[in-house]
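Next comes my_file_10.pdb, with PDB, C-alpha atoms.
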```
ATOM      1  CA  MET N   1       7.200  19.586   3.870  1.00  0.00           C
ATOM      2  CA  ASN N   2       8.012  22.659   5.998  1.00  0.00           C
ATOM      3  CA  ILE N   3       4.366  22.936   7.057  1.00  0.00           C
ATOM      4  CA  ILE N   4       4.298  19.286   8.165  1.00  0.00           C
ATOM      5  CA  LEU N   5       7.462  19.750  10.215  1.00  0.00           C
ATOM      6  CA  LEU N   6       6.063  22.934  11.765  1.00  0.00           C
ATOM      7  CA  ILE N   7       2.900  21.064  12.769  1.00  0.00           C
ATOM      8  CA  ALA N   8       4.959  18.180  14.203  1.00  0.00           C
ATOM      9  CA  TYR N   9       7.019  20.616  16.289  1.00  0.00           C
ATOM     10  CA  THR N  10       4.039  22.609  17.599  1.00  0.00           C
ATOM     11  CA  ILE N  11       1.707  19.698  18.437  1.00  0.00           C
ATOM     12  CA  PRO N  12       3.588  18.686  21.657  1.00  0.00           C
ATOM     13  CA  PHE N  13       3.406  22.271  22.946  1.00  0.00           C
ATOM     14  CA  SER N  14      -0.327  22.490  22.216  1.00  0.00           C
ATOM     15  CA  LEU N  15      -1.136  19.082  23.684  1.00  0.00           C
ATOM     16  CA  ALA N  16       0.859  19.833  26.836  1.00  0.00           C
ATOM     17  CA  GLY N  17      -1.105  23.040  27.377  1.00  0.00           C
ATOM     18  CA  LEU N  18      -4.403  21.273  26.723  1.00  0.00           C
ATOM     19  CA  ALA N  19      -3.530  18.405  29.094  1.00  0.00           C
ATOM     20  CA  VAL N  20      -2.642  20.832  31.890  1.00  0.00           C
ATOM     21  CA  TYR N  21      -5.878  22.763  31.320  1.00  0.00           C
ATOM     22  CA  ILE N  22      -8.007  19.604  31.471  1.00  0.00           C
ATOM     23  CA  THR N  23      -6.145  18.380  34.563  1.00  0.00           C
ATOM     24  CA  ASN N  24      -6.789  21.681  36.294  1.00  0.00           C
ATOM     25  CA  GLU N  25     -10.445  21.991  35.245  1.00  0.00           C
ATOM     26  CA  MET N  26     -11.415  18.362  35.962  1.00  0.00           C
ATOM     27  CA  LYS N  27      -9.479  18.199  39.235  1.00  0.00           C
ATOM     28  CA  CYS N  28      -7.523  15.184  37.998  1.00  0.00           C
ATOM     29  CA  SER N  29      -4.503  13.800  39.809  1.00  0.00           C
ATOM     30  CA  SER N  30      -1.666  16.176  38.943  1.00  0.00           C
ATOM     31  CA  ASP N  31       1.333  15.006  40.987  1.00  0.00           C
ATOM     32  CA  PHE N  32       2.678  12.412  38.550  1.00  0.00           C
ATOM     33  CA  TRP N  33       5.370  14.664  37.064  1.00  0.00           C
ATOM     34  CA  THR N  34       6.447  15.878  40.513  1.00  0.00           C
ATOM     35  CA  LEU N  35       6.838  12.308  41.855  1.00  0.00           C
ATOM     36  CA  GLY N  36       3.937  12.632  44.273  1.00  0.00           C
ATOM     37  CA  HIS N  37       4.947  16.028  45.619  1.00  0.00           C
ATOM     38  CA  ARG N  38       2.388  18.825  45.374  1.00  0.00           C
ATOM     39  CA  PHE N  39       3.370  22.488  45.340  1.00  0.00           C
ATOM     40  CA  GLU N  40       1.370  24.829  47.492  1.00  0.00           C
ATOM     41  CA  ASP N  41       1.482  27.413  44.752  1.00  0.00           C
ATOM     42  CA  LYS N  42      -0.952  26.288  42.047  1.00  0.00           C
ATOM     43  CA  ARG N  43       1.022  28.071  39.325  1.00  0.00           C
ATOM     44  CA  LEU N  44       4.188  26.146  40.179  1.00  0.00           C
ATOM     45  CA  GLN N  45       2.238  22.867  40.037  1.00  0.00           C
ATOM     46  CA  MET N  46       0.810  23.766  36.640  1.00  0.00           C
ATOM     47  CA  ALA N  47       4.260  24.800  35.355  1.00  0.00           C
ATOM     48  CA  ALA N  48       5.785  21.509  36.525  1.00  0.00           C
ATOM     49  CA  ASN N  49       2.939  19.569  34.914  1.00  0.00           C
ATOM     50  CA  PHE N  50       3.332  21.512  31.675  1.00  0.00           C
ATOM     51  CA  ILE N  51       7.072  20.776  31.488  1.00  0.00           C
ATOM     52  CA  GLY N  52       6.453  17.099  32.193  1.00  0.00           C
ATOM     53  CA  GLU N  53       3.629  16.828  29.650  1.00  0.00           C
ATOM     54  CA  TYR N  54       5.660  18.694  27.034  1.00  0.00           C
ATOM     55  CA  MET N  55       8.660  16.384  27.416  1.00  0.00           C
ATOM     56  CA  TYR N  56       6.342  13.376  27.298  1.00  0.00           C
ATOM     57  CA  TYR N  57       4.672  14.449  24.048  1.00  0.00           C
ATOM     58  CA  LEU N  58       8.004  15.585  22.627  1.00  0.00           C
ATOM     59  CA  VAL N  59       9.486  12.101  22.996  1.00  0.00           C
ATOM     60  CA  HIS N  60       6.343  10.053  22.572  1.00  0.00           C
ATOM     61  CA  LEU N  61       4.740  11.952  19.682  1.00  0.00           C
ATOM     62  CA  GLU N  62       7.139  14.258  17.857  1.00  0.00           C
ATOM     63  CA  PHE N  63      10.051  11.838  17.451  1.00  0.00           C
ATOM     64  CA  PRO N  64       7.947   8.984  15.955  1.00  0.00           C
ATOM     65  CA  CYS N  65       6.198  11.414  13.593  1.00  0.00           C
ATOM     66  CA  VAL N  66       9.474  12.920  12.331  1.00  0.00           C
ATOM     67  CA  ALA N  67      11.039   9.445  12.001  1.00  0.00           C
ATOM     68  CA  ASP N  68       8.046   8.149  10.016  1.00  0.00           C
ATOM     69  CA  LEU N  69       8.076  11.235   7.813  1.00  0.00           C
ATOM     70  CA  SER N  70      11.772  10.713   7.063  1.00  0.00           C
ATOM     71  CA  MET N  71      11.200   7.064   6.125  1.00  0.00           C
ATOM     72  CA  CYS N  72       8.222   7.969   3.944  1.00  0.00           C
ATOM     73  CA  LEU N  73      10.320  10.532   2.069  1.00  0.00           C
ATOM     74  CA  LEU N  74      13.062   7.969   1.405  1.00  0.00           C
ATOM     75  CA  ILE N  75      10.554   5.375   0.242  1.00  0.00           C
ATOM     76  CA  ASN N  76       8.688   7.896  -1.896  1.00  0.00           C
ATOM     77  CA  SER N  77      11.918   8.893  -3.672  1.00  0.00           C
ATOM     78  CA  CYS N  78      12.305   5.304  -4.932  1.00  0.00           C
ATOM     79  CA  SER N  79       8.669   5.299  -6.052  1.00  0.00           C
ATOM     80  CA  ILE N  80       9.293   8.504  -8.006  1.00  0.00           C
ATOM     81  CA  TYR N  81      12.286   6.929  -9.768  1.00  0.00           C
ATOM     82  CA  LEU N  82      10.114   3.982 -10.785  1.00  0.00           C
ATOM     83  CA  GLN N  83       7.378   6.289 -12.066  1.00  0.00           C
ATOM     84  CA  GLU N  84       9.880   8.317 -14.103  1.00  0.00           C
ATOM     85  CA  PHE N  85      11.364   5.131 -15.520  1.00  0.00           C
ATOM     86  CA  MET N  86       7.913   3.890 -16.569  1.00  0.00           C
ATOM     87  CA  LYS N  87       7.059   7.266 -18.113  1.00  0.00           C
ATOM     88  CA  ASN N  88      10.312   7.291 -20.108  1.00  0.00           C
ATOM     89  CA  VAL N  89       9.672   3.769 -21.369  1.00  0.00           C
ATOM     90  CA  LYS N  90       6.167   4.703 -22.531  1.00  0.00           C
ATOM     91  CA  ASP N  91       7.444   7.829 -24.302  1.00  0.00           C
ATOM     92  CA  ILE N  92      10.217   6.005 -26.211  1.00  0.00           C
ATOM     93  CA  HIS N  93       9.353   4.689 -29.662  1.00  0.00           C
ATOM     94  CA  LEU N  94       9.566   0.931 -30.056  1.00  0.00           C
ATOM     95  CA  SER N  95      12.579   1.023 -32.375  1.00  0.00           C
ATOM     96  CA  HIS N  96      14.454   3.358 -30.017  1.00  0.00           C
ATOM     97  CA  LEU N  97      13.531   1.165 -27.047  1.00  0.00           C
ATOM     98  CA  LEU N  98      15.043  -1.862 -28.751  1.00  0.00           C
ATOM     99  CA  ALA N  99      18.161   0.076 -29.681  1.00  0.00           C
ATOM    100  CA  ARG N 100      18.582   1.289 -26.105  1.00  0.00           C
ATOM    101  CA  SER N 101      17.534  -1.952 -24.434  1.00  0.00           C
ATOM    102  CA  ILE N 102      20.902  -2.388 -22.685  1.00  0.00           C
ATOM    103  CA  VAL N 103      20.712   1.152 -21.278  1.00  0.00           C
ATOM    104  CA  VAL N 104      17.129   0.542 -20.170  1.00  0.00           C
ATOM    105  CA  GLN N 105      18.126  -2.630 -18.378  1.00  0.00           C
ATOM    106  CA  HIS N 106      21.082  -0.875 -16.733  1.00  0.00           C
ATOM    107  CA  ASP N 107      18.865   1.950 -15.460  1.00  0.00           C
ATOM    108  CA  TYR N 108      16.320  -0.502 -14.086  1.00  0.00           C
ATOM    109  CA  SER N 109      19.051  -2.539 -12.386  1.00  0.00           C
ATOM    110  CA  ILE N 110      20.325   0.607 -10.626  1.00  0.00           C
ATOM    111  CA  ILE N 111      16.812   1.354  -9.347  1.00  0.00           C
ATOM    112  CA  GLU N 112      16.464  -2.242  -8.156  1.00  0.00           C
ATOM    113  CA  GLU N 113      19.777  -2.059  -6.326  1.00  0.00           C
ATOM    114  CA  ASN N 114      18.744   1.173  -4.601  1.00  0.00           C
ATOM    115  CA  ILE N 115      15.458  -0.402  -3.510  1.00  0.00           C
ATOM    116  CA  ARG N 116      17.257  -3.455  -2.090  1.00  0.00           C
ATOM    117  CA  ASN N 117      19.651  -1.190  -0.192  1.00  0.00           C
ATOM    118  CA  LEU N 118      16.697   0.806   1.135  1.00  0.00           C
ATOM    119  CA  LYS N 119      14.963  -2.434   2.168  1.00  0.00           C
ATOM    120  CA  GLU N 120      18.015  -3.508   4.144  1.00  0.00           C
ATOM    121  CA  ILE N 121      18.524  -0.097   5.766  1.00  0.00           C
ATOM    122  CA  LEU N 122      14.892   0.367   6.816  1.00  0.00           C
ATOM    123  CA  SER N 123      14.302  -3.225   7.898  1.00  0.00           C
ATOM    124  CA  ILE N 124      14.797  -2.644  11.645  1.00  0.00           C
ATOM    125  CA  PRO N 125      13.348   0.928  11.753  1.00  0.00           C
ATOM    126  CA  LEU N 126      10.187  -0.327  10.036  1.00  0.00           C
ATOM    127  CA  LEU N 127       9.912  -3.153  12.569  1.00  0.00           C
ATOM    128  CA  ILE N 128      10.290  -0.739  15.495  1.00  0.00           C
ATOM    129  CA  SER N 129       7.751   1.676  14.018  1.00  0.00           C
ATOM    130  CA  LEU N 130       5.306  -1.155  13.343  1.00  0.00           C
ATOM    131  CA  LEU N 131       5.591  -2.586  16.876  1.00  0.00           C
ATOM    132  CA  ASN N 132       5.216   0.879  18.381  1.00  0.00           C
ATOM    133  CA  GLY N 133       2.093   1.543  16.352  1.00  0.00           C
ATOM    134  CA  LEU N 134       0.507  -1.832  17.141  1.00  0.00           C
ATOM    135  CA  PHE N 135       1.298  -1.470  20.854  1.00  0.00           C
ATOM    136  CA  ASN N 136      -0.290   1.975  21.084  1.00  0.00           C
ATOM    137  CA  LEU N 137      -3.418   0.934  19.176  1.00  0.00           C
ATOM    138  CA  PHE N 138      -3.764  -2.240  21.238  1.00  0.00           C
ATOM    139  CA  LEU N 139      -3.413  -0.252  24.459  1.00  0.00           C
ATOM    140  CA  VAL N 140      -6.042   2.268  23.359  1.00  0.00           C
ATOM    141  CA  LEU N 141      -8.444  -0.445  22.233  1.00  0.00           C
ATOM    142  CA  THR N 142      -8.186  -2.525  25.406  1.00  0.00           C
ATOM    143  CA  THR N 143      -8.525   0.574  27.593  1.00  0.00           C
ATOM    144  CA  LEU N 144     -11.653   1.705  25.750  1.00  0.00           C
ATOM    145  CA  LEU N 145     -13.268  -1.732  25.818  1.00  0.00           C
ATOM    146  CA  LYS N 146     -12.418  -2.545  29.434  1.00  0.00           C
ATOM    147  CA  TYR N 147     -12.434   0.774  31.298  1.00  0.00           C
ATOM    148  CA  GLY N 148     -14.087   3.289  28.979  1.00  0.00           C
ATOM    149  CA  VAL N 149     -12.974   6.868  28.453  1.00  0.00           C
ATOM    150  CA  THR N 150     -12.379   9.355  31.239  1.00  0.00           C
ATOM    151  CA  GLN N 151     -11.852  13.020  30.548  1.00  0.00           C
ATOM    152  CA  CYS N 152      -8.549  12.930  32.429  1.00  0.00           C
ATOM    153  CA  LYS N 153      -7.189  10.220  30.095  1.00  0.00           C
ATOM    154  CA  MET N 154      -8.833  11.429  26.892  1.00  0.00           C
ATOM    155  CA  ILE N 155      -5.833  13.398  25.587  1.00  0.00           C
ATOM    156  CA  GLU N 156      -3.413  10.551  26.222  1.00  0.00           C
ATOM    157  CA  LEU N 157      -5.661   7.977  24.519  1.00  0.00           C
ATOM    158  CA  MET N 158      -6.198  10.225  21.507  1.00  0.00           C
ATOM    159  CA  THR N 159      -2.443  10.802  21.246  1.00  0.00           C
ATOM    160  CA  ARG N 160      -1.689   7.082  21.431  1.00  0.00           C
ATOM    161  CA  ALA N 161      -4.303   6.340  18.783  1.00  0.00           C
ATOM    162  CA  PHE N 162      -2.849   9.030  16.532  1.00  0.00           C
ATOM    163  CA  ILE N 163       0.684   7.658  17.001  1.00  0.00           C
ATOM    164  CA  GLY N 164      -0.501   4.132  16.241  1.00  0.00           C
ATOM    165  CA  ILE N 165      -2.170   5.189  13.009  1.00  0.00           C
ATOM    166  CA  VAL N 166       0.776   7.370  11.929  1.00  0.00           C
ATOM    167  CA  ASN N 167       3.241   4.553  12.654  1.00  0.00           C
ATOM    168  CA  ILE N 168       1.387   2.072  10.466  1.00  0.00           C
ATOM    169  CA  VAL N 169      -0.848   3.550   7.761  1.00  0.00           C
ATOM    170  CA  PRO N 170       1.475   6.047   5.970  1.00  0.00           C
ATOM    171  CA  LEU N 171       4.433   3.645   5.999  1.00  0.00           C
ATOM    172  CA  VAL N 172       2.374   0.774   4.604  1.00  0.00           C
ATOM    173  CA  ILE N 173       0.851   2.949   1.868  1.00  0.00           C
ATOM    174  CA  CYS N 174       4.217   4.465   0.883  1.00  0.00           C
ATOM    175  CA  SER N 175       5.976   1.083   0.959  1.00  0.00           C
ATOM    176  CA  SER N 176       3.295  -0.620  -1.124  1.00  0.00           C
ATOM    177  CA  LYS N 177       3.803   1.888  -3.949  1.00  0.00           C
ATOM    178  CA  ILE N 178       7.224   0.385  -4.764  1.00  0.00           C
ATOM    179  CA  PRO N 179       5.978  -3.113  -5.720  1.00  0.00           C
ATOM    180  CA  GLU N 180       2.890  -1.591  -7.320  1.00  0.00           C
ATOM    181  CA  ASN N 181       5.022   0.593  -9.603  1.00  0.00           C
ATOM    182  CA  MET N 182       7.313  -2.353 -10.373  1.00  0.00           C
ATOM    183  CA  MET N 183       4.251  -4.384 -11.328  1.00  0.00           C
ATOM    184  CA  LYS N 184       3.095  -1.572 -13.639  1.00  0.00           C
ATOM    185  CA  ILE N 185       6.521  -1.569 -15.314  1.00  0.00           C
ATOM    186  CA  LYS N 186       6.309  -5.329 -15.821  1.00  0.00           C
ATOM    187  CA  GLU N 187       2.827  -4.953 -17.271  1.00  0.00           C
ATOM    188  CA  THR N 188       4.066  -2.234 -19.633  1.00  0.00           C
ATOM    189  CA  PHE N 189       6.858  -4.435 -20.961  1.00  0.00           C
ATOM    190  CA  GLY N 190       4.482  -7.396 -21.126  1.00  0.00           C
ATOM    191  CA  LEU N 191       2.020  -5.442 -23.268  1.00  0.00           C
ATOM    192  CA  LEU N 192       4.821  -4.285 -25.586  1.00  0.00           C
ATOM    193  CA  ILE N 193       6.101  -7.827 -25.999  1.00  0.00           C
ATOM    194  CA  GLU N 194       2.617  -9.204 -26.617  1.00  0.00           C
ATOM    195  CA  LYS N 195       1.651  -6.434 -29.021  1.00  0.00           C
ATOM    196  CA  HIS N 196       4.816  -6.590 -31.127  1.00  0.00           C
ATOM    197  CA  GLN N 197       5.755 -10.230 -30.652  1.00  0.00           C
ATOM    198  CA  LEU N 198       6.132 -10.909 -34.374  1.00  0.00           C
ATOM    199  CA  HIS N 199       8.344  -7.847 -34.771  1.00  0.00           C
ATOM    200  CA  PHE N 200      10.523  -8.937 -31.863  1.00  0.00           C
ATOM    201  CA  ARG N 201      11.496 -12.148 -33.650  1.00  0.00           C
ATOM    202  CA  HIS N 202      13.859 -10.118 -35.779  1.00  0.00           C
ATOM    203  CA  LYS N 203      15.240  -8.284 -32.706  1.00  0.00           C
ATOM    204  CA  GLY N 204      16.469 -11.185 -30.625  1.00  0.00           C
ATOM    205  CA  LYS N 205      18.782  -9.274 -28.285  1.00  0.00           C
ATOM    206  CA  GLY N 206      16.355  -6.455 -27.542  1.00  0.00           C
ATOM    207  CA  PHE N 207      13.524  -8.938 -27.086  1.00  0.00           C
ATOM    208  CA  SER N 208      15.478 -11.043 -24.586  1.00  0.00           C
ATOM    209  CA  ILE N 209      16.464  -7.990 -22.524  1.00  0.00           C
ATOM    210  CA  LEU N 210      12.899  -6.673 -22.327  1.00  0.00           C
ATOM    211  CA  LYS N 211      11.668 -10.172 -21.552  1.00  0.00           C
ATOM    212  CA  ARG N 212      14.190 -10.371 -18.711  1.00  0.00           C
ATOM    213  CA  ILE N 213      12.869  -7.134 -17.181  1.00  0.00           C
ATOM    214  CA  GLU N 214       9.289  -8.315 -17.626  1.00  0.00           C
ATOM    215  CA  ARG N 215      10.051 -11.501 -15.638  1.00  0.00           C
ATOM    216  CA  LYS N 216      11.715  -9.780 -12.687  1.00  0.00           C
ATOM    217  CA  ASN N 217      10.031 -10.114  -9.275  1.00  0.00           C
ATOM    218  CA  GLU N 218       8.670  -7.200  -7.306  1.00  0.00           C
ATOM    219  CA  ILE N 219      10.576  -6.054  -4.214  1.00  0.00           C
ATOM    220  CA  TYR N 220       8.593  -5.586  -1.020  1.00  0.00           C
ATOM    221  CA  LEU N 221       9.874  -3.587   1.917  1.00  0.00           C
ATOM    222  CA  SER N 222       9.564  -5.595   5.102  1.00  0.00           C
ATOM    223  CA  ALA N 223       9.801  -5.387   8.883  1.00  0.00           C
ATOM    224  CA  TYR N 224      13.020  -7.385   9.409  1.00  0.00           C
ATOM    225  CA  GLY N 225      11.865  -9.935   6.837  1.00  0.00           C
ATOM    226  CA  MET N 226       8.854 -10.977   8.935  1.00  0.00           C
ATOM    227  CA  ILE N 227       6.076  -8.878   7.387  1.00  0.00           C
ATOM    228  CA  ASP N 228       5.899  -7.553   3.837  1.00  0.00           C
ATOM    229  CA  PHE N 229       4.375  -4.081   3.614  1.00  0.00           C
ATOM    230  CA  LYS N 230       1.323  -4.484   1.386  1.00  0.00           C
ATOM    231  CA  ARG N 231      -1.970  -2.608   1.436  1.00  0.00           C
ATOM    232  CA  SER N 232      -3.740  -5.820   2.456  1.00  0.00           C
ATOM    233  CA  PHE N 233      -1.651  -5.833   5.630  1.00  0.00           C
ATOM    234  CA  LEU N 234      -3.704  -2.909   6.981  1.00  0.00           C
ATOM    235  CA  LEU N 235      -6.865  -5.009   7.032  1.00  0.00           C
ATOM    236  CA  THR N 236      -5.008  -7.911   8.649  1.00  0.00           C
ATOM    237  CA  ALA N 237      -3.390  -5.726  11.314  1.00  0.00           C
ATOM    238  CA  PHE N 238      -6.529  -3.846  12.353  1.00  0.00           C
ATOM    239  CA  GLY N 239      -8.606  -7.029  12.274  1.00  0.00           C
ATOM    240  CA  SER N 240      -6.123  -8.783  14.553  1.00  0.00           C
ATOM    241  CA  LEU N 241      -6.050  -5.808  16.922  1.00  0.00           C
ATOM    242  CA  LEU N 242      -9.831  -5.801  17.188  1.00  0.00           C
ATOM    243  CA  THR N 243      -9.936  -9.563  17.800  1.00  0.00           C
ATOM    244  CA  TYR N 244      -7.294  -9.573  20.540  1.00  0.00           C
ATOM    245  CA  GLY N 245      -8.729  -6.405  22.053  1.00  0.00           C
ATOM    246  CA  LEU N 246     -12.126  -8.074  22.426  1.00  0.00           C
ATOM    247  CA  LEU N 247     -10.504 -11.171  23.943  1.00  0.00           C
ATOM    248  CA  VAL N 248      -8.552  -9.145  26.492  1.00  0.00           C
ATOM    249  CA  SER N 249     -11.564  -7.025  27.417  1.00  0.00           C
ATOM    250  CA  ASN N 250     -13.588 -10.163  28.195  1.00  0.00           C
ATOM    251  CA  LEU N 251     -10.993 -11.617  30.545  1.00  0.00           C
ATOM    252  CA  ASP N 252     -11.875 -11.568  34.224  1.00  0.00           C
TER     253      ASP N 252
END
```
Would you write the structure of this file as structure tokens?
Amino acid sequence: MNIILLIAYTIPFSLAGLAVYITNEMKCSSDFWTLGHRFEDKRLQMAANFIGEYMYYLVHLEFPCVADLSMCLLINSCSIYLQEFMKNVKDIHLSHLLARSIVVQHDYSIIEENIRNLKEILSIPLLISLLNGLFNLFLVLTTLLKYGVTQCKMIELMTRAFIGIVNIVPLVICSSKIPENMMKIKETFGLLIEKHQLHFRHKGKGFSILKRIERKNEIYLSAYGMIDFKRSFLLTAFGSLLTYGLLVSNLD
């Protein structure tokens, strides 16, 4: 965790230095950050460009990465609770599981409530992160297909592509673990019910409680209720980006 944060904090500094070096070596236009004004002293121009590039990468790269990391940690904590719950259920003997069925249901209901609260809290942040990622990837794709890559724009395009991937892939993978773990819990209870169905007939209350958990629906995190975060969404998103990128690149 500390290493990831250290990398996130040092990347803008490194990219700013690299961008200034490329601008200086390739004789690219370097008066953007000085609003068209060029310093006679080359060192002052490079310093102004470095400050501008650093602030740009600080806002455009570091903040989204830290925000996505924070959301992934929150989502992963719920996944860990589900995994621990499933492990505890597997370790409990059948007779003890039936005796503690009310406690088991109560624990699972608390986890479900936490996941629903997390879904509501992250609804808008996930939408913003998703739109930001799709916009950056679409911009990179259309630029590559229509104009190609120039050395002066290489760093910016690579940064935008990195931001687009970071905004989408980790969040989708982390979010999809919640319904996947819930499905595994349902399958575990389903196998227990099927395996010991005759024994359950004499344990009506415990059977009904386990059956109730086994019939519960999975909870999917979503981007403001419009898109459910599943692994299959990655294929859909990148396929759509490629399709629209090709269409835009062929426009006159």
Inset, instruction - Let me know the residues the PyMOL selection byres ((chain N and resi 219) around 6) catches in the file above, as a PyMOL selection string. - result: chain N and resi 179+218+220
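Proximity ranking of N:Met182, N:Ala223, N:Leu137, N:Leu18 relative to Ala237 (chain N) places N:Leu137 first, based on only C-alpha atoms.
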Residues returned when the PyMOL selection byres ((chain N and resi 124-132) around 6) runs on this file, as an mmCIF file with C-alpha atoms, in the coordinates of the input:
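Once everything was written out, this is out.cif:
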```cif
data_model
loop_
_atom_site.group_PDB
_atom_site.id
_atom_site.type_symbol
_atom_site.label_atom_id
_atom_site.label_comp_id
_atom_site.auth_asym_id
_atom_site.auth_seq_id
_atom_site.Cartn_x
_atom_site.Cartn_y
_atom_site.Cartn_z
ATOM 1 C CA LEU N 122 14.892 0.367 6.816
ATOM 2 C CA SER N 123 14.302 -3.225 7.898
ATOM 3 C CA GLY N 133 2.093 1.543 16.352
ATOM 4 C CA LEU N 134 0.507 -1.832 17.141
ATOM 5 C CA PHE N 135 1.298 -1.470 20.854
ATOM 6 C CA ASN N 167 3.241 4.553 12.654
ATOM 7 C CA ILE N 168 1.387 2.072 10.466
ATOM 8 C CA ALA N 223 9.801 -5.387 8.883
ATOM 9 C CA TYR N 224 13.020 -7.385 9.409
#
```
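Residue nearest Asn117 (chain N) within the list N:Leu82, N:Met71, N:Leu221, N:Met26: N:Leu221 [criterion: smallest interatomic distance, all atoms listed in the file].
If all atoms listed in the file are the atoms counted, then among N:Phe39, N:Tyr244, N:Tyr81, N:Phe162 the closest residue to His60 (chain N) is N:Phe162.
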Legend entry - Selection near Thr10 (chain N), 12 Å with all atoms listed in the file, sequence-local residues under 3 positions removed, as a PyMOL selection string: chain N and resi 3-7+13-17+54+57-58+61-62
Please expand the PyMOL selection byres ((chain N and resi 173) around 12) into the concrete residues it hits in this file, giving the result as a short mmCIF file (atom, residue, chain, number, x, y, z; two decimals) with C-alpha atoms, in the coordinates of the input.
```
data_model
loop_
_atom_site.label_atom_id
_atom_site.label_comp_id
_atom_site.auth_asym_id
_atom_site.auth_seq_id
_atom_site.Cartn_x
_atom_site.Cartn_y
_atom_site.Cartn_z
CA MET N 71 11.20 7.06 6.12
CA CYS N 72 8.22 7.97 3.94
CA ILE N 75 10.55 5.38 0.24
CA ASN N 76 8.69 7.90 -1.90
CA SER N 79 8.67 5.30 -6.05
CA ILE N 165 -2.17 5.19 13.01
CA VAL N 166 0.78 7.37 11.93
CA ASN N 167 3.24 4.55 12.65
CA ILE N 168 1.39 2.07 10.47
CA VAL N 169 -0.85 3.55 7.76
CA PRO N 170 1.48 6.05 5.97
CA LEU N 171 4.43 3.64 6.00
CA VAL N 172 2.37 0.77 4.60
CA CYS N 174 4.22 4.46 0.88
CA SER N 175 5.98 1.08 0.96
CA SER N 176 3.30 -0.62 -1.12
CA LYS N 177 3.80 1.89 -3.95
CA ILE N 178 7.22 0.38 -4.76
CA PRO N 179 5.98 -3.11 -5.72
CA GLU N 180 2.89 -1.59 -7.32
CA TYR N 220 8.59 -5.59 -1.02
CA LEU N 221 9.87 -3.59 1.92
CA ASP N 228 5.90 -7.55 3.84
CA PHE N 229 4.38 -4.08 3.61
CA LYS N 230 1.32 -4.48 1.39
CA ARG N 231 -1.97 -2.61 1.44
CA SER N 232 -3.74 -5.82 2.46
CA PHE N 233 -1.65 -5.83 5.63
CA LEU N 234 -3.70 -2.91 6.98
#
```
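Each of N:Met86, N:Leu192, N:Val248, N:Ile121 was checked against Val104 (chain N) using all atoms listed in the file; the smallest atom-to-atom distance is that of N:Met86.
Here CA of Leu145 (chain N) stands at a distance of 23.1 Å from CA of Thr23 (chain N).
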Counting only C-alpha atoms, find residues at most 12 Å from (-13.4, 3.1, 22.9) (file frame) and give them as a CSV table (one decimal) with C-alpha atoms, keeping the file's coordinate frame.
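Result saved to point34.csv:
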```csv
chain,number,residue,atom,x,y,z
N,137,LEU,CA,-3.4,0.9,19.2
N,138,PHE,CA,-3.8,-2.2,21.2
N,139,LEU,CA,-3.4,-0.3,24.5
N,140,VAL,CA,-6.0,2.3,23.4
N,141,LEU,CA,-8.4,-0.4,22.2
N,142,THR,CA,-8.2,-2.5,25.4
N,143,THR,CA,-8.5,0.6,27.6
N,144,LEU,CA,-11.7,1.7,25.8
N,145,LEU,CA,-13.3,-1.7,25.8
N,146,LYS,CA,-12.4,-2.5,29.4
N,147,TYR,CA,-12.4,0.8,31.3
N,148,GLY,CA,-14.1,3.3,29.0
N,149,VAL,CA,-13.0,6.9,28.5
N,150,THR,CA,-12.4,9.4,31.2
N,153,LYS,CA,-7.2,10.2,30.1
N,154,MET,CA,-8.8,11.4,26.9
N,157,LEU,CA,-5.7,8.0,24.5
N,158,MET,CA,-6.2,10.2,21.5
N,161,ALA,CA,-4.3,6.3,18.8
N,242,LEU,CA,-9.8,-5.8,17.2
N,245,GLY,CA,-8.7,-6.4,22.1
N,246,LEU,CA,-12.1,-8.1,22.4
N,249,SER,CA,-11.6,-7.0,27.4
```
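We find CA of Leu74 (chain N) and CA of Phe238 (chain N) to be spaced 25.4 Å apart.
Excluding Asn88 (chain N) itself and any same-chain residue fewer than 3 positions from it, the protein and nucleic acid residues within 12 Å of it, counting all atoms listed in the file, are Tyr81, Leu82, Gln83, Glu84, Phe85, Asp91, Ile92, His93, Leu94, His96, Leu97, Arg100, Val104, Asp107, Tyr108, Ile185 and Thr188 of chain N.
Interatomic distance, CA of Gly206 (chain N) to CA of Lys90 (chain N): 15.9 Å.
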